[in-house]
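Below is model-v9.cif, holding mmCIF, C-alpha atoms.
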data_upload
loop_
_atom_site.label_atom_id
_atom_site.label_comp_id
_atom_site.auth_asym_id
_atom_site.auth_seq_id
_atom_site.Cartn_x
_atom_site.Cartn_y
_atom_site.Cartn_z
CA MET A 1 -1.14 77.15 -92.21
CA THR A 2 -2.61 76.44 -95.70
CA GLU A 3 -0.50 76.11 -98.83
CA THR A 4 -2.13 79.28 -100.15
CA ALA A 5 -1.05 81.19 -97.06
CA LYS A 6 2.44 79.81 -97.33
CA ARG A 7 2.66 81.06 -100.92
CA ARG A 8 1.17 84.45 -100.17
CA PRO A 9 3.48 87.06 -101.73
CA GLY A 10 4.96 89.85 -99.67
CA PRO A 11 3.51 93.35 -99.67
CA ARG A 12 3.43 95.08 -103.04
CA ILE A 13 4.29 98.63 -103.93
CA GLU A 14 0.55 99.47 -104.09
CA GLU A 15 0.16 98.51 -100.44
CA VAL A 16 3.11 100.69 -99.45
CA ALA A 17 1.53 103.60 -101.31
CA ARG A 18 -1.83 103.03 -99.59
CA VAL A 19 -0.34 102.85 -96.08
CA ALA A 20 1.88 105.89 -96.73
CA GLY A 21 -0.98 107.86 -98.25
CA VAL A 22 0.97 108.68 -101.39
CA SER A 23 0.96 107.63 -105.05
CA LYS A 24 2.76 104.57 -106.36
CA SER A 25 5.08 106.83 -108.38
CA THR A 26 6.09 108.64 -105.18
CA VAL A 27 6.97 105.31 -103.57
CA SER A 28 9.00 104.47 -106.67
CA ARG A 29 10.95 107.72 -106.44
CA VAL A 30 11.71 107.13 -102.76
CA ILE A 31 12.84 103.55 -103.43
CA ASN A 32 15.11 104.74 -106.22
CA ASP A 33 16.40 107.61 -104.07
CA GLU A 34 15.30 110.19 -106.63
CA GLN A 35 14.67 113.89 -106.12
CA TYR A 36 11.47 115.92 -105.96
CA VAL A 37 9.93 114.07 -103.02
CA SER A 38 9.02 116.07 -99.92
CA ALA A 39 10.61 115.14 -96.63
CA LYS A 40 7.15 114.36 -95.22
CA ALA A 41 6.28 111.99 -98.06
CA ARG A 42 9.69 110.35 -97.92
CA GLU A 43 9.30 109.76 -94.17
CA ALA A 44 5.81 108.31 -94.67
CA VAL A 45 7.04 105.90 -97.33
CA HIS A 46 9.94 104.70 -95.20
CA ALA A 47 7.57 104.18 -92.27
CA ALA A 48 5.19 102.16 -94.46
CA ILE A 49 8.06 100.05 -95.79
CA ALA A 50 9.16 99.29 -92.23
CA GLU A 51 5.58 98.52 -91.09
CA LEU A 52 4.84 96.19 -93.98
CA GLY A 53 8.28 94.61 -94.23
CA TYR A 54 8.50 95.58 -97.86
CA SER A 55 11.86 94.68 -99.44
CA PRO A 56 12.02 95.52 -103.14
CA ASN A 57 14.59 93.64 -105.19
CA GLN A 58 16.61 95.27 -107.91
CA ALA A 59 14.34 94.06 -110.70
CA ALA A 60 11.27 95.50 -109.01
CA ARG A 61 13.05 98.78 -108.40
CA ALA A 62 14.11 99.00 -112.02
CA LEU A 63 10.59 98.28 -113.26
CA ALA A 64 9.03 100.71 -110.82
CA GLY A 65 11.31 103.55 -111.83
CA ASN A 66 11.89 102.52 -115.44
CA ARG A 67 15.58 102.47 -114.61
CA ALA A 68 18.32 99.92 -115.15
CA ASN A 69 20.01 100.90 -111.88
CA ALA A 70 23.37 100.51 -113.59
CA ILE A 71 25.98 102.77 -115.14
CA ALA A 72 28.90 101.99 -117.43
CA LEU A 73 32.52 103.05 -117.04
CA VAL A 74 33.86 103.10 -120.60
CA VAL A 75 37.65 103.30 -121.03
CA SER A 76 38.99 104.06 -124.50
CA GLU A 77 42.21 102.09 -124.07
CA PRO A 78 43.39 98.50 -124.65
CA THR A 79 42.70 96.13 -121.78
CA GLY A 80 46.40 95.61 -121.05
CA ARG A 81 47.00 99.29 -120.48
CA VAL A 82 43.94 99.65 -118.27
CA LEU A 83 45.13 96.82 -116.04
CA SER A 84 48.74 98.06 -115.81
CA ASP A 85 48.27 101.81 -115.28
CA PRO A 86 47.37 102.80 -111.67
CA PHE A 87 45.47 105.84 -112.99
CA PHE A 88 42.60 103.65 -114.12
CA ALA A 89 42.58 101.67 -110.88
CA GLY A 90 42.32 104.93 -108.96
CA VAL A 91 39.41 106.15 -111.06
CA LEU A 92 37.65 102.81 -110.57
CA ARG A 93 38.11 102.99 -106.80
CA GLY A 94 36.59 106.46 -106.78
CA VAL A 95 33.61 105.42 -108.88
CA HIS A 96 33.01 102.40 -106.68
CA ALA A 97 33.24 104.49 -103.52
CA GLU A 98 30.66 106.98 -104.78
CA LEU A 99 28.28 104.16 -105.72
CA ALA A 100 28.60 102.44 -102.33
CA GLY A 101 25.20 101.93 -100.72
CA ARG A 102 23.26 103.21 -103.72
CA HIS A 103 22.28 99.79 -105.13
CA ILE A 104 23.59 100.76 -108.56
CA GLN A 105 25.60 98.28 -110.59
CA LEU A 106 28.79 99.24 -112.44
CA LEU A 107 29.79 97.84 -115.82
CA LEU A 108 33.45 98.22 -116.87
CA MET A 109 33.77 98.33 -120.65
CA MET A 110 36.71 98.86 -123.03
CA SER A 111 36.13 100.91 -126.17
CA GLN A 112 38.14 100.31 -129.33
CA PRO A 113 37.43 102.03 -132.68
CA ALA A 114 36.36 98.81 -134.37
CA ASP A 115 33.88 98.02 -131.61
CA VAL A 116 32.19 101.41 -131.16
CA GLY A 117 29.03 100.40 -133.02
CA ASP A 118 28.50 97.30 -130.89
CA LEU A 119 29.27 99.26 -127.72
CA VAL A 120 26.72 101.97 -128.55
CA ALA A 121 24.12 99.34 -129.45
CA TYR A 122 24.59 97.73 -126.04
CA LEU A 123 24.47 101.00 -124.14
CA SER A 124 21.36 102.12 -126.01
CA SER A 125 19.40 98.95 -125.26
CA GLY A 126 18.42 99.85 -121.71
CA HIS A 127 21.19 98.02 -119.85
CA VAL A 128 22.51 101.23 -118.25
CA ASP A 129 21.14 104.63 -117.24
CA GLY A 130 24.28 106.58 -118.14
CA ALA A 131 27.98 106.29 -118.86
CA LEU A 132 31.29 107.60 -117.56
CA LEU A 133 33.85 108.02 -120.34
CA VAL A 134 37.59 107.94 -119.61
CA SER A 135 40.69 108.45 -121.76
CA LEU A 136 38.99 109.81 -124.87
CA HIS A 137 41.28 110.36 -127.86
CA GLY A 138 40.75 113.00 -130.51
CA GLU A 139 37.19 113.52 -131.67
CA ASP A 140 36.08 110.10 -130.47
CA PRO A 141 32.89 109.06 -132.36
CA LEU A 142 31.62 107.43 -129.18
CA VAL A 143 30.66 110.82 -127.71
CA PRO A 144 28.33 112.09 -130.48
CA MET A 145 26.89 108.61 -130.94
CA LEU A 146 25.91 108.39 -127.27
CA ALA A 147 24.59 111.96 -127.39
CA GLY A 148 22.52 110.96 -130.40
CA ILE A 149 20.72 108.23 -128.46
CA GLY A 150 20.16 110.58 -125.52
CA LEU A 151 22.24 108.64 -123.01
CA PRO A 152 23.55 110.88 -120.18
CA VAL A 153 27.34 110.87 -120.15
CA VAL A 154 30.12 112.51 -118.15
CA SER A 155 33.71 112.51 -119.38
CA GLY A 156 36.72 112.06 -117.14
CA GLY A 157 39.01 114.59 -118.77
CA ARG A 158 38.20 117.44 -121.13
CA PRO A 159 37.05 115.98 -124.44
CA LEU A 160 38.27 117.42 -127.73
CA GLY A 161 35.92 118.70 -130.41
CA THR A 162 32.69 118.10 -128.52
CA THR A 163 30.69 119.49 -125.63
CA VAL A 164 29.68 117.10 -122.87
CA PRO A 165 29.88 117.49 -119.08
CA PHE A 166 33.35 116.67 -117.84
CA VAL A 167 35.45 116.47 -114.69
CA ASP A 168 39.19 116.94 -114.92
CA ALA A 169 42.27 117.81 -112.90
CA ASP A 170 43.55 121.35 -113.36
CA ASN A 171 46.23 120.12 -115.74
CA PHE A 172 47.29 123.56 -116.96
CA THR A 173 47.93 124.92 -113.46
CA GLY A 174 49.66 121.73 -112.36
CA ALA A 175 52.09 121.83 -115.27
CA LEU A 176 52.61 125.55 -114.71
CA GLU A 177 53.60 124.82 -111.11
CA ALA A 178 56.00 122.10 -112.28
CA ALA A 179 57.71 124.53 -114.66
CA ARG A 180 57.90 127.23 -111.99
CA HIS A 181 59.50 124.76 -109.60
CA LEU A 182 62.18 123.81 -112.11
CA THR A 183 62.96 127.43 -112.96
CA SER A 184 63.13 128.26 -109.24
CA LEU A 185 65.95 125.70 -108.98
CA GLY A 186 67.94 127.72 -111.49
CA ARG A 187 67.52 125.24 -114.35
CA LYS A 188 67.82 126.85 -117.78
CA ARG A 189 67.64 124.07 -120.39
CA ILE A 190 64.28 122.60 -119.50
CA ALA A 191 62.57 119.97 -121.66
CA THR A 192 59.26 118.18 -121.45
CA VAL A 193 57.97 114.73 -122.26
CA ALA A 194 54.45 115.79 -123.16
CA GLY A 195 51.34 113.63 -123.35
CA PRO A 196 49.53 112.48 -126.50
CA GLU A 197 48.70 115.21 -128.98
CA ASP A 198 45.21 113.79 -129.52
CA MET A 199 44.17 114.18 -125.88
CA ALA A 200 43.23 117.38 -124.06
CA VAL A 201 45.27 116.30 -121.05
CA GLY A 202 48.38 116.32 -123.22
CA ALA A 203 47.58 119.73 -124.68
CA ASP A 204 46.68 121.31 -121.33
CA ARG A 205 49.82 120.11 -119.54
CA LEU A 206 52.01 121.22 -122.44
CA SER A 207 50.36 124.66 -122.41
CA GLY A 208 50.93 125.03 -118.67
CA PHE A 209 54.57 124.02 -119.05
CA LYS A 210 55.13 126.54 -121.84
CA ARG A 211 53.48 129.26 -119.80
CA GLY A 212 55.85 128.58 -116.90
CA LEU A 213 58.92 128.81 -119.12
CA SER A 214 57.58 131.95 -120.75
CA GLU A 215 57.31 133.60 -117.33
CA ALA A 216 61.00 132.87 -116.78
CA LYS A 217 61.84 134.06 -120.32
CA LEU A 218 63.19 130.63 -121.22
CA PRO A 219 62.69 128.81 -124.54
CA ALA A 220 60.11 126.02 -124.58
CA GLY A 221 61.12 124.21 -127.74
CA LEU A 222 62.49 121.04 -126.16
CA VAL A 223 59.33 118.94 -126.52
CA ALA A 224 58.81 115.25 -127.27
CA HIS A 225 55.51 113.40 -127.00
CA GLY A 226 54.69 110.09 -125.33
CA ASP A 227 51.52 108.04 -124.95
CA PHE A 228 51.43 107.47 -121.19
CA THR A 229 53.54 104.30 -121.24
CA PRO A 230 57.06 103.77 -119.82
CA GLU A 231 58.33 102.80 -123.28
CA SER A 232 57.13 106.05 -124.82
CA GLY A 233 58.74 108.00 -121.97
CA ALA A 234 62.06 106.32 -122.73
CA ARG A 235 61.80 107.04 -126.47
CA ALA A 236 60.89 110.67 -125.81
CA MET A 237 63.80 111.09 -123.39
CA GLU A 238 66.21 109.66 -125.96
CA SER A 239 64.87 112.13 -128.51
CA LEU A 240 65.28 115.08 -126.14
CA LEU A 241 68.87 114.14 -125.31
CA ARG A 242 69.68 113.96 -129.02
CA LYS A 243 68.30 117.49 -129.41
CA ASP A 244 70.16 118.84 -126.38
CA PRO A 245 72.62 116.54 -124.58
CA ASP A 246 73.15 119.24 -121.96
CA LEU A 247 69.54 119.73 -120.90
CA ASP A 248 69.35 120.14 -117.13
CA ALA A 249 65.67 119.49 -116.33
CA VAL A 250 62.64 117.70 -117.71
CA PHE A 251 58.96 117.83 -116.89
CA VAL A 252 57.34 114.49 -117.69
CA ALA A 253 53.59 114.72 -118.12
CA ALA A 254 52.88 111.42 -116.31
CA ASP A 255 54.72 109.43 -113.66
CA ILE A 256 54.40 106.27 -115.72
CA MET A 257 56.36 107.93 -118.56
CA ALA A 258 58.87 109.28 -116.06
CA LEU A 259 59.89 105.67 -115.29
CA GLY A 260 61.14 105.27 -118.85
CA ALA A 261 62.74 108.71 -118.84
CA LEU A 262 64.64 107.94 -115.63
CA GLN A 263 65.93 104.65 -117.07
CA VAL A 264 67.38 106.48 -120.05
CA LEU A 265 68.97 109.18 -117.89
CA HIS A 266 70.57 106.56 -115.64
CA ALA A 267 71.83 104.61 -118.69
CA ARG A 268 73.40 107.80 -120.07
CA GLY A 269 75.20 108.44 -116.79
CA LYS A 270 73.09 111.46 -115.94
CA ARG A 271 72.69 112.01 -112.22
CA VAL A 272 69.19 112.89 -110.98
CA PRO A 273 68.75 115.58 -109.79
CA GLU A 274 72.36 116.85 -109.89
CA ASP A 275 72.65 116.79 -113.69
CA VAL A 276 68.99 116.60 -114.69
CA ALA A 277 66.08 117.50 -112.42
CA VAL A 278 62.89 115.53 -113.12
CA VAL A 279 59.28 116.36 -112.25
CA GLY A 280 56.38 114.04 -113.04
CA PHE A 281 52.61 114.31 -112.90
CA ASP A 282 50.00 112.20 -111.03
CA ASP A 283 51.69 111.23 -107.73
CA SER A 284 50.98 107.59 -108.50
CA VAL A 285 52.65 104.63 -106.81
CA PHE A 286 55.37 104.95 -109.45
CA ALA A 287 56.45 108.28 -107.96
CA THR A 288 57.35 106.77 -104.59
CA THR A 289 59.04 103.65 -106.00
CA ALA A 290 61.11 105.44 -108.65
CA THR A 291 64.88 105.88 -108.22
CA PRO A 292 65.20 108.50 -106.91
CA PRO A 293 61.68 109.10 -105.56
CA LEU A 294 59.92 111.43 -107.95
CA THR A 295 58.96 115.04 -107.38
CA THR A 296 55.56 115.25 -109.03
CA ILE A 297 52.28 117.07 -109.42
CA ARG A 298 49.58 115.36 -107.42
CA GLN A 299 46.10 114.88 -108.79
CA ASP A 300 43.51 113.06 -106.69
CA VAL A 301 42.49 110.34 -109.12
CA GLU A 302 40.01 108.73 -106.73
CA GLU A 303 38.32 112.09 -106.23
CA LEU A 304 38.13 112.38 -110.01
CA GLY A 305 36.23 109.09 -110.14
CA ARG A 306 33.96 110.11 -107.28
CA THR A 307 33.17 113.51 -108.76
CA MET A 308 32.44 112.10 -112.22
CA THR A 309 30.03 109.64 -110.65
CA TRP A 310 28.35 112.30 -108.52
CA ARG A 311 27.88 114.51 -111.59
CA LEU A 312 26.28 111.70 -113.59
CA LEU A 313 24.01 110.56 -110.77
CA ALA A 314 22.91 114.13 -110.12
CA GLU A 315 21.89 114.48 -113.75
CA LEU A 316 20.05 111.16 -113.67
CA ALA A 317 18.19 112.36 -110.57
CA GLY A 318 16.96 115.41 -112.44
CA GLU A 319 18.99 118.02 -110.58
CA THR A 320 19.16 121.37 -112.35
CA GLY A 321 21.86 124.03 -112.48
CA LEU A 322 24.67 121.47 -112.59
CA PRO A 323 28.07 122.79 -113.71
CA PRO A 324 29.03 121.75 -117.24
CA SER A 325 32.61 121.18 -116.11
CA LEU A 326 34.57 120.77 -112.90
CA LEU A 327 38.31 121.20 -112.37
CA LEU A 328 39.92 119.52 -109.37
CA PRO A 329 43.01 121.09 -107.77
CA THR A 330 46.56 119.81 -108.12
CA SER A 331 49.59 120.29 -105.87
CA LEU A 332 53.36 119.95 -106.04
CA ILE A 333 54.84 117.04 -104.06
CA LYS A 334 58.57 117.50 -103.53
CA ARG A 335 60.81 114.44 -103.37
CA ALA A 336 64.39 113.69 -104.33
CA SER A 337 64.32 114.06 -108.14
CA ALA A 338 64.00 117.85 -108.23
#

Would you mind writing the structure in this file as structure tokens?
Amino acid sequence: MTETAKRRPGPRIEEVARVAGVSKSTVSRVINDEQYVSAKAREAVHAAIAELGYSPNQAARALAGNRANAIALVVSEPTGRVLSDPFFAGVLRGVHAELAGRHIQLLLMMSQPADVGDLVAYLSSGHVDGALLVSLHGEDPLVPMLAGIGLPVVSGGRPLGTTVPFVDADNFTGALEAARHLTSLGRKRIATVAGPEDMAVGADRLSGFKRGLSEAKLPAGLVAHGDFTPESGARAMESLLRKDPDLDAVFVAADIMALGALQVLHARGKRVPEDVAVVGFDDSVFATTATPPLTTIRQDVEELGRTMTWRLLAELAGETGLPPSLLLPTSLIKRASA
């Protein structure tokens, strides 16, 4: 065999197109698993690829389809919180599961206010095809900035003050069910450790809680806010007990905050659930390891990650008629705390 033969490159995309009897752009769309290719053409391209032994690498695929074949998962929280809160791990598992087998890379990025400009510059430079945004606070400038550069985005959680596609748990209904459960137990002095006031998840869960108490004709003024950390749950619980030492139930808007709330109740000599019934939200690992095990509202965090990713990829593939928002169901999980 001559040196020239040894160095002969493998089949090119043009040869695949010729053997399949289709255009090079059609081959590109099949390789990139994009829409708007007939079943017949797709079958012909796959047959040609098998016949020729064509094996495109990621760089060739990206060039052929003018795509980066990568998406970013942008979390608007400090790194320490992302690594310690199982919510984010669950979302990441869901995103990864939805990307499995698609040959699309995932970039995990943290967004802080001081770094938004640099983050947008990176995302706008062709490194990614779209972005998943998680844990947005207030009217985060990241959203309009990404919209301004035309980058497709999907938010995990309802964003405040802006309109972008989003996927969220049905936080209102979940909190409503938590309140109904506590009132069904005969509790009358029901408080809540609500989520952050600058996040829709906090507002939606607080609204659902208030609705549940309104149905039972009970006051809903015992409210303290936390920021989805155990420490903030403890501070909020201390505040609620100062307002009403005889409260007999509390809905905590996240299991991770319920850990701090339970510590305070135990330190004050309050028995759970005999003196104070406690209901959390998430059904995270914290719910099963708490003392006592926590009654909570379950949201499927991995499904949240999967659905966000599906919604973004569908938009990137050019699908039409996609829903602007999706709400995933929640359910009450009864354990020993209420």

Evaluate the PyMOL selection byres ((chain A and resi 191) around 6) here and jot the selected residues down as a VMD selection string.
chain A and resid 190 192 222 to 223 250

Using only C-alpha atoms, tabulate the residues of range 162-192 of chain A lying at most 7 Å from any atom of range 291-313 of chain A, each with its closest atom pair and that distance in Å to one decimal, by chain and increasing residue number, as a Markdown table.
| residue | atom | partner | partner_atom | distance |
| --- | --- | --- | --- | --- |
| A:Val167 | CA | A:Met308 | CA | 5.9 |
| A:Asp168 | CA | A:Leu304 | CA | 6.8 |
| A:Ala169 | CA | A:Gln299 | CA | 6.3 |
| A:Gly174 | CA | A:Ile297 | CA | 6.1 |
| A:Ala178 | CA | A:Ile297 | CA | 6.9 |

Evaluated on this file, the PyMOL selection byres ((chain A and resi 149-165) around 9) picks out some residues - which ones are they, written as a PyMOL selection string?
chain A and resi 91+120+123-124+128-140+143-148+166-169+198-201+304-305+308-309+311-312+315-316+323-326

For the structure provided, state which residues fall under the PyMOL selection byres ((chain A and resi 42) around 12), and present them as a ChimeraX atom specification.
/A:16-17,20-23,25-41,43-49

Rank nothing, just name the residue among A:Ser125, A:Val116, A:Ile71, A:Gly90 nearest to Ile104 in chain A, using all atoms listed in the file.
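Counting all atoms listed in the file, the residue closest to Ile104 in chain A is A:Ile71.
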
List every protein, DNA or RNA residue with an atom no more than 12 Å from (45.2, 99.8, -119.0) in the file's coordinates, counting all atoms listed in the file, and format the result as a list in words.
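In the file's frame, the residues around the point are Val74, Val75, Ser76, Glu77, Pro78, Thr79, Gly80, Arg81, Val82, Leu83, Ser84, Asp85, Pro86, Phe87, Phe88, Ala89, Gly90, Val91, Leu92, Met109, Met110, Ser111, Val134, Ser135, Asp227, Phe228, Thr229 and Ile256 of chain A.
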
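CA of Ala314 in chain A to CA of Leu327 in chain A spans 17.1 Å [interatomic distance, one decimal].
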
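Nearest to Gly269 in chain A of all the residues A:Gly202, A:Gly195, A:Pro245, A:Gly101 is A:Pro245, based on only C-alpha atoms.
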
Separation of CA of Leu73 in chain A from CA of Ile333 in chain A in Å
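CA of Leu73 in chain A lies at a distance of 29.4 Å from CA of Ile333 in chain A.
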
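Counting only C-alpha atoms and comparing A:Arg67, A:His181, A:Arg205, A:Arg268, the residue that lies closest to Asp246 in chain A is A:Arg268.
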
Enter the distance from CA of Ala254 in chain A to CA of Pro273 in chain A, in Å, rounded to one decimal.
17.7 Å

For each of A:Lys210, A:Arg18, A:Arg180, A:Lys217, take the minimum atom-to-atom distance to Leu52 in chain A, counting all atoms listed in the file, then give the residue where this is smallest.
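For Leu52 in chain A, the nearest of the candidates is A:Arg18.
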
Fewer than 2 positions away in the same chain doesn't count, so skip those; otherwise give me all residues within 9 Å of Glu177 in chain A, counting all atoms listed in the file, as a list in words.
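Near Glu177 in chain A, the qualifying residues are Phe172, Thr173, Gly174, Ala175, Ala179, Arg180, His181, Leu182, Gly208, Phe209, Gly212, Ile297, Ser331 and Leu332 of chain A.
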
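Here the question is which of A:Ala267, A:Leu322, A:Leu241, A:Val193 gets nearest to Gly280 in chain A using all atoms listed in the file, and that residue is A:Val193.
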